[in-house]
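Coordinates from entry23.csv are shown below (CSV, C-alpha atoms and all ligand atoms).
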chain,number,residue,atom,x,y,z
A,1,MET,CA,111.3,237.5,237.4
A,2,SER,CA,113.8,234.7,236.6
A,3,ARG,CA,113.0,231.2,237.6
A,4,THR,CA,115.1,229.1,240.0
A,5,VAL,CA,115.5,225.5,239.2
A,6,SER,CA,116.4,223.2,242.2
A,7,LEU,CA,118.3,220.1,241.1
A,8,ILE,CA,117.7,217.1,243.3
A,9,GLY,CA,119.7,214.0,242.7
A,10,ALA,CA,118.4,210.6,243.8
A,11,PRO,CA,121.1,208.1,242.9
A,12,THR,CA,119.3,204.8,243.3
A,13,ASP,CA,118.1,201.9,241.2
A,14,VAL,CA,116.1,200.1,244.0
A,15,GLY,CA,112.9,200.2,242.0
A,16,ALA,CA,114.4,198.4,239.0
A,17,SER,CA,115.9,195.0,238.3
A,18,VAL,CA,118.6,196.2,235.9
A,19,ARG,CA,121.4,198.0,237.9
A,20,GLY,CA,122.9,201.3,236.9
A,21,ALA,CA,120.1,204.0,237.0
A,22,GLY,CA,121.7,205.2,240.3
A,23,MET,CA,124.4,206.9,238.3
A,24,GLY,CA,121.9,209.0,236.4
A,25,PRO,CA,122.3,212.3,238.4
A,26,ASP,CA,126.0,212.5,237.9
A,27,ALA,CA,125.6,211.5,234.2
A,28,LEU,CA,123.3,214.6,233.8
A,29,ARG,CA,125.8,216.8,235.6
A,30,VAL,CA,128.7,215.5,233.4
A,31,ALA,CA,126.5,216.1,230.3
A,32,GLY,CA,126.4,219.8,231.3
A,33,LEU,CA,122.9,220.2,232.7
A,34,ILE,CA,123.7,223.0,235.1
A,35,GLU,CA,125.7,225.1,232.5
A,36,ALA,CA,123.0,224.5,229.9
A,37,LEU,CA,120.2,225.8,232.1
A,38,ARG,CA,122.3,228.8,233.3
A,39,SER,CA,122.9,229.7,229.6
A,40,HIS,CA,119.2,230.2,229.3
A,41,ARG,CA,119.1,232.7,232.1
A,42,LEU,CA,117.7,230.3,234.7
A,43,ASP,CA,119.0,230.3,238.2
A,44,VAL,CA,120.2,226.9,239.1
A,45,MET,CA,120.7,225.5,242.6
A,46,ASP,CA,122.2,222.1,242.7
A,47,ARG,CA,121.1,220.6,246.0
A,48,GLY,CA,123.4,217.6,245.5
A,49,ASN,CA,122.4,214.0,245.9
A,50,LEU,CA,120.0,212.6,248.5
A,51,SER,CA,121.1,209.6,250.4
A,52,GLY,CA,119.2,206.4,251.1
A,53,PRO,CA,119.7,202.7,251.6
A,54,PRO,CA,121.8,200.7,249.2
A,55,ASN,CA,120.2,198.3,246.7
A,56,PRO,CA,119.9,195.0,248.6
A,57,TRP,CA,119.5,193.1,245.4
A,58,LYS,CA,116.8,190.8,246.6
A,59,ALA,CA,113.9,188.9,245.1
A,60,PRO,CA,110.4,190.4,245.3
A,61,GLU,CA,108.4,189.8,248.5
A,62,GLY,CA,104.6,190.0,248.5
A,63,GLY,CA,104.8,191.0,244.8
A,64,ALA,CA,107.1,193.9,245.3
A,65,ARG,CA,110.9,194.1,245.3
A,66,HIS,CA,112.8,196.3,247.9
A,67,LEU,CA,109.6,197.9,249.3
A,68,ASP,CA,111.3,199.3,252.4
A,69,GLU,CA,114.2,200.8,250.4
A,70,VAL,CA,111.8,202.3,247.9
A,71,VAL,CA,109.8,203.9,250.8
A,72,ALA,CA,113.0,205.3,252.3
A,73,TRP,CA,114.2,206.9,249.0
A,74,ASN,CA,110.8,208.3,248.2
A,75,ARG,CA,110.6,209.8,251.7
A,76,ALA,CA,113.9,211.7,250.9
A,77,VAL,CA,112.6,212.8,247.5
A,78,TYR,CA,109.3,213.9,249.0
A,79,GLY,CA,111.1,216.1,251.5
A,80,ALA,CA,113.4,217.7,249.0
A,81,VAL,CA,110.7,218.4,246.4
A,82,ASP,CA,108.4,219.8,249.1
A,83,GLN,CA,111.2,222.1,250.2
A,84,ALA,CA,112.0,223.3,246.6
A,85,LEU,CA,108.3,224.1,246.0
A,86,THR,CA,108.0,225.9,249.4
A,87,ASP,CA,111.0,228.1,248.3
A,88,GLY,CA,109.2,228.9,245.1
A,89,HIS,CA,111.6,226.9,242.9
A,90,VAL,CA,111.0,224.5,240.1
A,91,PRO,CA,112.1,221.1,241.4
A,92,LEU,CA,114.0,219.0,238.9
A,93,LEU,CA,114.3,215.4,240.2
A,94,MET,CA,117.3,213.6,238.7
A,95,GLY,CA,116.8,209.9,239.0
A,96,GLY,CA,117.3,207.2,239.7
A,97,ASP,CA,114.6,204.9,238.5
A,98,HIS,CA,110.9,205.8,238.0
A,99,CYS,CA,109.7,204.7,241.4
A,100,LEU,CA,110.9,208.0,242.7
A,101,ALA,CA,108.0,209.8,241.0
A,102,ILE,CA,105.8,208.6,243.9
A,103,GLY,CA,107.6,211.0,246.3
A,104,SER,CA,108.0,213.7,243.8
A,105,ILE,CA,104.4,213.9,242.5
A,106,SER,CA,103.0,213.3,246.0
A,107,ALA,CA,104.8,216.5,247.1
A,108,VAL,CA,103.7,218.4,244.0
A,109,ALA,CA,100.0,217.3,244.5
A,110,ARG,CA,100.1,218.5,248.1
A,111,HIS,CA,101.6,221.8,247.1
A,112,CYS,CA,98.9,222.3,244.4
A,113,ARG,CA,96.1,221.6,246.8
A,114,ALA,CA,97.6,224.1,249.3
A,115,THR,CA,98.0,226.8,246.7
A,116,GLY,CA,94.8,226.2,244.7
A,117,LYS,CA,96.6,225.2,241.5
A,118,SER,CA,95.1,222.5,239.3
A,119,LEU,CA,97.6,219.7,238.7
A,120,ARG,CA,98.2,218.0,235.4
A,121,VAL,CA,100.8,215.2,235.0
A,122,VAL,CA,102.4,214.5,231.7
A,123,TRP,CA,103.9,211.0,231.8
A,124,LEU,CA,106.4,210.5,229.0
A,125,ASP,CA,107.3,206.8,228.8
A,126,ALA,CA,107.3,203.6,226.8
A,127,HIS,CA,105.4,202.1,229.8
A,128,THR,CA,102.3,203.1,231.7
A,129,ASP,CA,103.8,202.0,235.1
A,130,VAL,CA,100.4,201.3,236.5
A,131,ASN,CA,101.1,197.8,237.8
A,132,THR,CA,100.3,196.9,241.4
A,133,GLU,CA,102.0,194.3,243.5
A,134,ALA,CA,99.1,192.0,242.7
A,135,ILE,CA,99.5,192.1,239.0
A,136,SER,CA,103.1,193.1,238.3
A,137,PRO,CA,105.0,190.4,236.3
A,138,SER,CA,108.3,191.6,237.6
A,139,GLY,CA,107.7,192.9,241.1
A,140,ASN,CA,109.8,196.0,240.2
A,141,LEU,CA,108.4,199.1,241.8
A,142,HIS,CA,109.5,201.4,238.9
A,143,GLY,CA,106.6,199.7,237.1
A,144,MET,CA,104.1,200.8,239.8
A,145,PRO,CA,104.4,204.5,240.5
A,146,VAL,CA,101.3,205.6,238.7
A,147,ALA,CA,99.2,202.9,240.5
A,148,CYS,CA,100.6,204.2,243.8
A,149,LEU,CA,99.7,207.8,242.9
A,150,LEU,CA,96.2,206.8,242.0
A,151,GLY,CA,95.8,205.1,245.3
A,152,HIS,CA,96.2,201.5,244.3
A,153,GLY,CA,99.8,200.3,245.0
A,154,PRO,CA,101.5,198.8,248.1
A,155,LYS,CA,100.0,200.4,251.2
A,156,PRO,CA,103.3,202.0,252.5
A,157,LEU,CA,103.5,204.0,249.2
A,158,VAL,CA,99.9,205.2,249.0
A,159,GLY,CA,98.4,208.4,250.5
A,160,TRP,CA,101.5,210.5,250.8
A,161,SER,CA,99.9,213.7,249.4
A,162,GLY,CA,97.5,213.7,252.3
A,163,GLU,CA,94.6,212.3,250.2
A,164,PRO,CA,93.9,208.7,249.4
A,165,ALA,CA,95.1,209.4,245.9
A,166,ALA,CA,97.6,212.1,244.8
A,167,VAL,CA,96.1,212.4,241.4
A,168,ALA,CA,92.8,211.4,239.8
A,169,PRO,CA,92.8,209.4,236.6
A,170,ASP,CA,91.7,212.5,234.6
A,171,GLN,CA,94.7,214.5,235.8
A,172,ILE,CA,97.3,212.3,234.0
A,173,ASP,CA,98.1,211.8,230.3
A,174,PHE,CA,100.6,209.3,228.9
A,175,ILE,CA,102.7,209.9,225.8
A,176,GLY,CA,104.8,207.4,223.9
A,177,ILE,CA,103.4,204.2,225.3
A,178,ARG,CA,104.2,200.9,223.6
A,179,SER,CA,104.7,198.3,226.3
A,180,VAL,CA,101.8,197.5,228.6
A,181,ASP,CA,101.5,194.2,230.5
A,182,ALA,CA,98.3,192.1,230.1
A,183,ASP,CA,96.7,192.9,233.5
A,184,GLU,CA,98.0,196.5,233.3
A,185,LYS,CA,95.8,196.9,230.1
A,186,GLN,CA,92.7,196.0,232.1
A,187,ALA,CA,93.7,198.4,234.9
A,188,ILE,CA,94.0,201.2,232.3
A,189,ARG,CA,90.5,200.5,231.0
A,190,GLN,CA,89.0,200.3,234.4
A,191,LEU,CA,90.6,203.5,235.5
A,192,GLY,CA,89.7,205.2,232.2
A,193,LEU,CA,93.3,206.6,231.8
A,194,SER,CA,94.1,208.7,228.8
A,195,VAL,CA,96.9,207.0,226.9
A,196,TYR,CA,98.4,208.6,223.8
A,197,ASP,CA,100.2,205.5,222.6
A,198,MET,CA,102.6,205.2,219.7
A,199,ARG,CA,99.7,204.1,217.5
A,200,HIS,CA,98.0,207.4,218.3
A,201,ILE,CA,101.2,209.4,217.6
A,202,ASP,CA,101.7,207.5,214.3
A,203,GLU,CA,98.2,208.3,213.1
A,204,HIS,CA,97.8,211.8,214.4
A,205,GLY,CA,101.3,213.1,214.6
A,206,MET,CA,103.0,214.6,217.7
A,207,ARG,CA,101.6,218.1,216.9
A,208,HIS,CA,97.9,217.0,217.0
A,209,THR,CA,98.5,214.7,220.0
A,210,MET,CA,100.0,217.5,222.0
A,211,THR,CA,97.4,220.1,221.0
A,212,GLU,CA,94.7,217.7,222.2
A,213,LEU,CA,96.5,216.9,225.4
A,214,LEU,CA,97.2,220.5,226.3
A,215,ALA,CA,93.8,221.9,225.2
A,216,ASP,CA,92.5,222.7,228.7
A,217,VAL,CA,95.7,223.9,230.3
A,218,ASP,CA,95.1,227.4,231.6
A,219,ASP,CA,96.9,230.0,233.8
A,220,ASN,CA,96.0,228.1,236.9
A,221,THR,CA,97.5,224.8,235.8
A,222,HIS,CA,100.6,223.3,237.3
A,223,LEU,CA,102.1,220.9,234.8
A,224,HIS,CA,104.3,218.2,236.2
A,225,VAL,CA,106.4,216.4,233.6
A,226,SER,CA,107.6,212.9,234.5
A,227,PHE,CA,110.1,212.0,231.8
A,228,ASP,CA,111.3,208.4,231.6
A,229,LEU,CA,114.1,208.4,229.0
A,230,ASP,CA,112.9,205.0,227.7
A,231,CYS,CA,110.1,207.0,226.1
A,232,LEU,CA,112.5,207.7,223.3
A,233,ASP,CA,113.4,205.2,220.7
A,234,PRO,CA,116.4,203.1,221.9
A,235,MET,CA,118.3,204.1,218.7
A,236,GLU,CA,118.4,207.6,220.1
A,237,ALA,CA,118.6,206.8,223.8
A,238,PRO,CA,120.4,203.5,224.4
A,239,GLY,CA,121.2,204.2,228.0
A,240,VAL,CA,118.0,202.8,229.6
A,241,GLY,CA,117.3,199.5,231.5
A,242,THR,CA,114.0,198.7,229.9
A,243,GLY,CA,114.2,200.0,226.3
A,244,VAL,CA,111.4,199.2,223.8
A,245,ARG,CA,111.7,199.6,220.1
A,246,GLY,CA,109.5,202.0,218.2
A,247,GLY,CA,109.5,205.2,220.2
A,248,PRO,CA,109.4,208.9,219.1
A,249,THR,CA,112.3,210.3,217.2
A,250,TYR,CA,114.5,213.2,218.4
A,251,ARG,CA,112.4,215.7,216.4
A,252,GLU,CA,109.1,214.4,217.6
A,253,MET,CA,110.2,214.5,221.2
A,254,GLN,CA,111.6,218.0,220.7
A,255,LEU,CA,108.2,219.2,219.4
A,256,CYS,CA,106.5,217.6,222.4
A,257,MET,CA,108.8,219.5,224.8
A,258,GLU,CA,108.5,222.7,222.9
A,259,MET,CA,104.7,222.6,223.0
A,260,ILE,CA,104.8,221.9,226.8
A,261,ALA,CA,107.2,224.9,227.2
A,262,ASP,CA,104.8,227.2,225.2
A,263,THR,CA,102.1,226.7,227.8
A,264,GLY,CA,104.4,228.4,230.4
A,265,CYS,CA,102.9,226.1,233.0
A,266,MET,CA,105.6,223.6,233.7
A,267,GLY,CA,106.1,223.8,237.5
A,268,SER,CA,108.1,220.6,238.2
A,269,LEU,CA,110.0,217.8,236.4
A,270,ASP,CA,111.3,214.3,236.9
A,271,VAL,CA,114.1,213.0,234.6
A,272,VAL,CA,114.5,209.3,235.3
A,273,GLU,CA,115.8,205.9,234.1
A,274,ILE,CA,119.0,207.1,232.6
A,275,ASN,CA,121.4,204.1,232.9
A,276,PRO,CA,125.0,205.1,232.3
A,277,ALA,CA,126.1,201.5,232.6
A,278,LEU,CA,124.2,200.7,229.4
A,279,ASP,CA,124.9,204.0,227.6
A,280,VAL,CA,127.2,204.9,224.7
A,281,ARG,CA,129.5,207.8,225.6
A,282,ASN,CA,126.9,209.5,227.8
A,283,ARG,CA,124.6,210.0,224.8
A,284,THR,CA,121.4,209.5,226.7
A,285,ALA,CA,122.2,212.0,229.4
A,286,GLU,CA,123.3,214.5,226.7
A,287,LEU,CA,120.0,213.9,224.9
A,288,ALA,CA,118.1,214.5,228.2
A,289,VAL,CA,120.0,217.8,228.6
A,290,ASP,CA,118.7,218.9,225.1
A,291,PHE,CA,115.1,218.0,226.0
A,292,ILE,CA,115.3,219.6,229.4
A,293,GLN,CA,116.4,222.9,227.8
A,294,SER,CA,113.5,222.7,225.4
A,295,LEU,CA,111.1,222.1,228.3
A,296,PHE,CA,112.4,225.4,229.8
A,297,GLY,CA,111.7,227.2,226.5
A,298,ALA,CA,115.2,227.2,225.1
A,299,SER,CA,114.4,226.3,221.5
A,300,THR,CA,111.9,229.0,220.8
A,301,LEU,CA,113.6,231.6,218.8
A,302,ALA,CA,111.4,234.4,220.1
A,303,ARG,CA,112.8,234.1,223.6
B,401,LIG,N1,109.8,202.9,234.7
B,401,LIG,C1,110.0,201.8,234.0
B,401,LIG,N2,111.1,201.8,233.2
B,401,LIG,N3,109.2,200.8,234.1
B,401,LIG,C2,109.3,199.6,233.3
B,401,LIG,C3,108.2,198.7,233.7
B,401,LIG,C4,108.3,197.4,233.0
B,401,LIG,C5,107.2,196.4,233.3
B,401,LIG,N4,105.9,196.9,232.9
B,401,LIG,C6,107.2,196.0,234.8
B,401,LIG,O1,106.2,196.3,235.5
B,401,LIG,O2,108.1,195.5,235.2
B,402,MN,MN,109.6,203.2,231.0
B,403,MN,MN,108.6,204.7,233.6

Could you render the structure from this file as structure tokens?
Amino acid sequence: MSRTVSLIGAPTDVGASVRGAGMGPDALRVAGLIEALRSHRLDVMDRGNLSGPPNPWKAPEGGARHLDEVVAWNRAVYGAVDQALTDGHVPLLMGGDHCLAIGSISAVARHCRATGKSLRVVWLDAHTDVNTEAISPSGNLHGMPVACLLGHGPKPLVGWSGEPAAVAPDQIDFIGIRSVDADEKQAIRQLGLSVYDMRHIDEHGMRHTMTELLADVDDNTHLHVSFDLDCLDPMEAPGVGTGVRGGPTYREMQLCMEMIADTGCMGSLDVVEINPALDVRNRTAELAVDFIQSLFGASTLAR
């Protein structure tokens, strides 16, 4: 049975303070995402771009910037991801900034509960995005999606999956982390989150890290991959708004994607934070297309 991938574009940067991530969906299309997936015998349905409020470009209020707009965009994302899952498709959310993972993962969590699947989230990022409006140094909601999904962010963004928390701390693993704010560190410890930071990858290598992380994935697992392109080293992926030196190389990231593909359990995907305004000849979107293909099993010779 061939798989159908539903592409969902969410062209907004309301959760960030650097403008430009709203052009991400078209950068991915221009980089050949649809053709690349089809060349691997996947059915692709491009659902086009969602619409939502413009970026009002305001200062944070109550510790969070653009809360109403972030709610509106996530509502649209939730609906589209929910529809794709209902249709039996693999939703591929093309961001947009990372705040959109709130709607996406909330819909996935609800779907998993309804179908008896056990959800595991793989968060590929330089950042843990577990700030709340009380501790965020920036007020940017793209730094808070994990907190919201765990039930701790601004009220209007919590509880969307139908439970107080969409995911429990032991359902999410972070890879590539190298920038965590001071109070965020404390939250990570309190929640007991499993963070495979760059130090861990340096010491154990990507192979061991992924073997450990994927150890208890089984046939009943739904893997959701939330891929923030700033996870990569900015030398490879310059088109991001909050780049941090010292990320995984192209080959390390390929191995990570290939090992996820080998499980055969990836059921949904976010590709976020591509900022064409800061990119060099669409390189970051093209890189993303390479990695997305690997996530769907393209680089394994046996297939
Ligand atoms: N999805 C992202 N790129 N997040 C960056 C977050 C940066 C910083 N920790 C903040 O809260 O503002
Ligand atoms: Mn990030
Ligand atoms: Mn992120």

> Which residue out of A:Met23, A:Ile172, A:Leu223, A:Ala126 has the minimum interatomic distance to ligand MN 403 (chain B) when all atoms listed in the file are used?
Replying inline: A:Ala126

>> Counting all atoms listed in the file, what are the residues, protein, DNA or RNA alike, that approach ligand LIG 401 (chain B) to within 9 Å? I want them as a PyMOL selection string.
In response: chain A and resi 15-17+97-99+125-132+135-145+179-181+184+228-231+240-243+272-273

> Closest to ligand MN 402 (chain B) among A:Ala31, A:Val158, A:Leu232, A:Met206, using all atoms listed in the file?
Replying inline: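 Checking each candidate against ligand MN 402 (chain B), we get A:Leu232 as the closest.
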
>> List the spatial neighbours of Asp216 of chain A as a VMD selection string - criterion: any atom at most 12 Å away, all atoms listed in the file, same-chain residues fewer than 3 positions off excluded.
In response: chain A and resid 118 to 120 170 to 171 210 to 213 219 to 223 263 265

> Quick one: distance from atom CA of Ala134 of chain A to atom CA of Val71 of chain A in Å, one decimal?
Replying inline: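 Between atom CA of Ala134 of chain A and atom CA of Val71 of chain A the gap works out to 17.9 Å.
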
>> With distances taken over only C-alpha atoms and all ligand atoms, which residue among A:Asn282, A:Asn49, A:Ser226, A:Thr86 lies nearest ligand MN 403 (chain B)?
In response: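 Using only C-alpha atoms and all ligand atoms, ligand MN 403 (chain B) sits closest to A:Ser226.
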
> Got a sec: who's within 6 Å of Gly239 of chain A, counting all atoms listed in the file, leaving out chain neighbours fewer than 4 positions off, as a PyMOL selection string?
Replying inline: chain A and resi 274-276+278-279+284

May I have the residues from that selection written out with C-alpha atoms, as a PDB file, in the coordinates of the input?
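Done, and the output landed in result_37.pdb:
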ATOM      1  CA  ILE A 274     119.000 207.100 232.600  1.00  0.00           C
ATOM      2  CA  ASN A 275     121.400 204.100 232.900  1.00  0.00           C
ATOM      3  CA  PRO A 276     125.000 205.100 232.300  1.00  0.00           C
ATOM      4  CA  LEU A 278     124.200 200.700 229.400  1.00  0.00           C
ATOM      5  CA  ASP A 279     124.900 204.000 227.600  1.00  0.00           C
ATOM      6  CA  THR A 284     121.400 209.500 226.700  1.00  0.00           C
TER       7      THR A 284
END

>> Can you measure atom CA of Leu93 of chain A to atom CA of Val77 of chain A for me? One decimal in Å is fine.
In response: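 Interatomic distance here is 7.9 Å.
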
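Near (108.9, 219.9, 253.5), the residues inside the 12 Å limit, counting all atoms listed in the file, come to Arg75, Ala76, Val77, Tyr78, Gly79, Ala80, Val81, Asp82, Gln83, Ala84, Leu85, Thr86, Asp87, Gly103, Ser104, Ser106, Ala107, Val108, Arg110, His111 and Ser161 of chain A.
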
Pull C-alpha atoms from the residues just selected and write them as a short mmCIF file (atom, residue, chain, number, x, y, z; two decimals), in the frame of the given file.
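This is the output file result.cif:
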data_model
loop_
_atom_site.label_atom_id
_atom_site.label_comp_id
_atom_site.auth_asym_id
_atom_site.auth_seq_id
_atom_site.Cartn_x
_atom_site.Cartn_y
_atom_site.Cartn_z
CA ARG A 75 110.60 209.80 251.70
CA ALA A 76 113.90 211.70 250.90
CA VAL A 77 112.60 212.80 247.50
CA TYR A 78 109.30 213.90 249.00
CA GLY A 79 111.10 216.10 251.50
CA ALA A 80 113.40 217.70 249.00
CA VAL A 81 110.70 218.40 246.40
CA ASP A 82 108.40 219.80 249.10
CA GLN A 83 111.20 222.10 250.20
CA ALA A 84 112.00 223.30 246.60
CA LEU A 85 108.30 224.10 246.00
CA THR A 86 108.00 225.90 249.40
CA ASP A 87 111.00 228.10 248.30
CA GLY A 103 107.60 211.00 246.30
CA SER A 104 108.00 213.70 243.80
CA SER A 106 103.00 213.30 246.00
CA ALA A 107 104.80 216.50 247.10
CA VAL A 108 103.70 218.40 244.00
CA ARG A 110 100.10 218.50 248.10
CA HIS A 111 101.60 221.80 247.10
CA SER A 161 99.90 213.70 249.40
#

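Nearest residue to ligand MN 403 (chain B), choosing from A:Pro25, A:Pro154, A:Gly32, A:Gly176 and counting all atoms listed in the file: A:Gly176.
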
> Using only C-alpha atoms, what residues lie at most 6 Å away from (101.7, 205.7, 223.9) (file coordinates), given as a PyMOL selection string?
Replying inline: chain A and resi 175-178+195-198

>> What's the separation between atom CA of Ile105 of chain A and atom CA of Ala166 of chain A, in Å to one decimal place?
In response: 7.4 Å

> A:Trp57, A:Trp160, A:Phe174, A:Trp73: which is nearest ligand MN 403 (chain B), counting all atoms listed in the file?
Replying inline: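 Among the listed residues, the smallest separation from ligand MN 403 (chain B) belongs to A:Phe174.
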
> Taking only C-alpha atoms into account, which of A:Gly96, A:Pro238, A:Gly48, A:Gly297 comes nearest Asp262 of chain A?
Replying inline: A:Gly297

>> Give me the residues near Val44 of chain A as a list in words, where near means some atom within 12 Å (using only C-alpha atoms) and where sequence neighbours in that chain fewer than 5 positions away do not count.
In response: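 Here the qualifying residues turn out to be Ser2, Arg3, Thr4, Val5, Ser6, Leu7, Ile8, Leu33, Ile34, Glu35, Ala36, Leu37, Arg38, Ser39, Ala84, His89, Val90, Pro91 and Leu92 of chain A.
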
N, CA and C atoms restored at segment 227-241 of chain A, emitted as an mmCIF file, in the coordinates of the input:
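So the final result, stored in out.cif, reads:
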data_model
loop_
_atom_site.group_PDB
_atom_site.id
_atom_site.type_symbol
_atom_site.label_atom_id
_atom_site.label_comp_id
_atom_site.auth_asym_id
_atom_site.auth_seq_id
_atom_site.Cartn_x
_atom_site.Cartn_y
_atom_site.Cartn_z
ATOM 1 N N PHE A 227 109.468 212.437 233.035
ATOM 2 C CA PHE A 227 110.100 212.000 231.800
ATOM 3 C C PHE A 227 111.028 210.824 232.030
ATOM 4 N N ASP A 228 110.556 209.681 231.569
ATOM 5 C CA ASP A 228 111.300 208.400 231.600
ATOM 6 C C ASP A 228 112.038 208.365 230.251
ATOM 7 N N LEU A 229 113.372 208.304 230.271
ATOM 8 C CA LEU A 229 114.100 208.400 229.000
ATOM 9 C C LEU A 229 113.846 207.213 228.082
ATOM 10 N N ASP A 230 113.248 206.117 228.616
ATOM 11 C CA ASP A 230 112.900 205.000 227.700
ATOM 12 C C ASP A 230 111.719 205.343 226.827
ATOM 13 N N CYS A 231 111.124 206.504 227.019
ATOM 14 C CA CYS A 231 110.100 207.000 226.100
ATOM 15 C C CYS A 231 110.636 207.071 224.684
ATOM 16 N N LEU A 232 111.869 207.524 224.585
ATOM 17 C CA LEU A 232 112.500 207.700 223.300
ATOM 18 C C LEU A 232 112.814 206.352 222.632
ATOM 19 N N ASP A 233 112.987 206.377 221.329
ATOM 20 C CA ASP A 233 113.400 205.200 220.700
ATOM 21 C C ASP A 233 114.833 204.814 221.161
ATOM 22 N N PRO A 234 115.091 203.532 221.429
ATOM 23 C CA PRO A 234 116.400 203.100 221.900
ATOM 24 C C PRO A 234 117.558 203.431 220.962
ATOM 25 N N MET A 235 117.232 203.663 219.686
ATOM 26 C CA MET A 235 118.300 204.100 218.700
ATOM 27 C C MET A 235 118.831 205.428 219.134
ATOM 28 N N GLU A 236 117.957 206.285 219.674
ATOM 29 C CA GLU A 236 118.400 207.600 220.100
ATOM 30 C C GLU A 236 118.948 207.550 221.535
ATOM 31 N N ALA A 237 118.265 206.783 222.386
ATOM 32 C CA ALA A 237 118.600 206.800 223.800
ATOM 33 C C ALA A 237 118.872 205.328 224.270
ATOM 34 N N PRO A 238 120.108 204.853 224.024
ATOM 35 C CA PRO A 238 120.400 203.500 224.400
ATOM 36 C C PRO A 238 120.632 203.235 225.885
ATOM 37 N N GLY A 239 120.865 204.307 226.639
ATOM 38 C CA GLY A 239 121.200 204.200 228.000
ATOM 39 C C GLY A 239 120.017 204.062 228.954
ATOM 40 N N VAL A 240 119.200 203.022 228.764
ATOM 41 C CA VAL A 240 118.000 202.800 229.600
ATOM 42 C C VAL A 240 117.943 201.302 229.935
ATOM 43 N N GLY A 241 117.361 200.944 231.070
ATOM 44 C CA GLY A 241 117.300 199.500 231.500
ATOM 45 C C GLY A 241 116.207 198.728 230.863
#
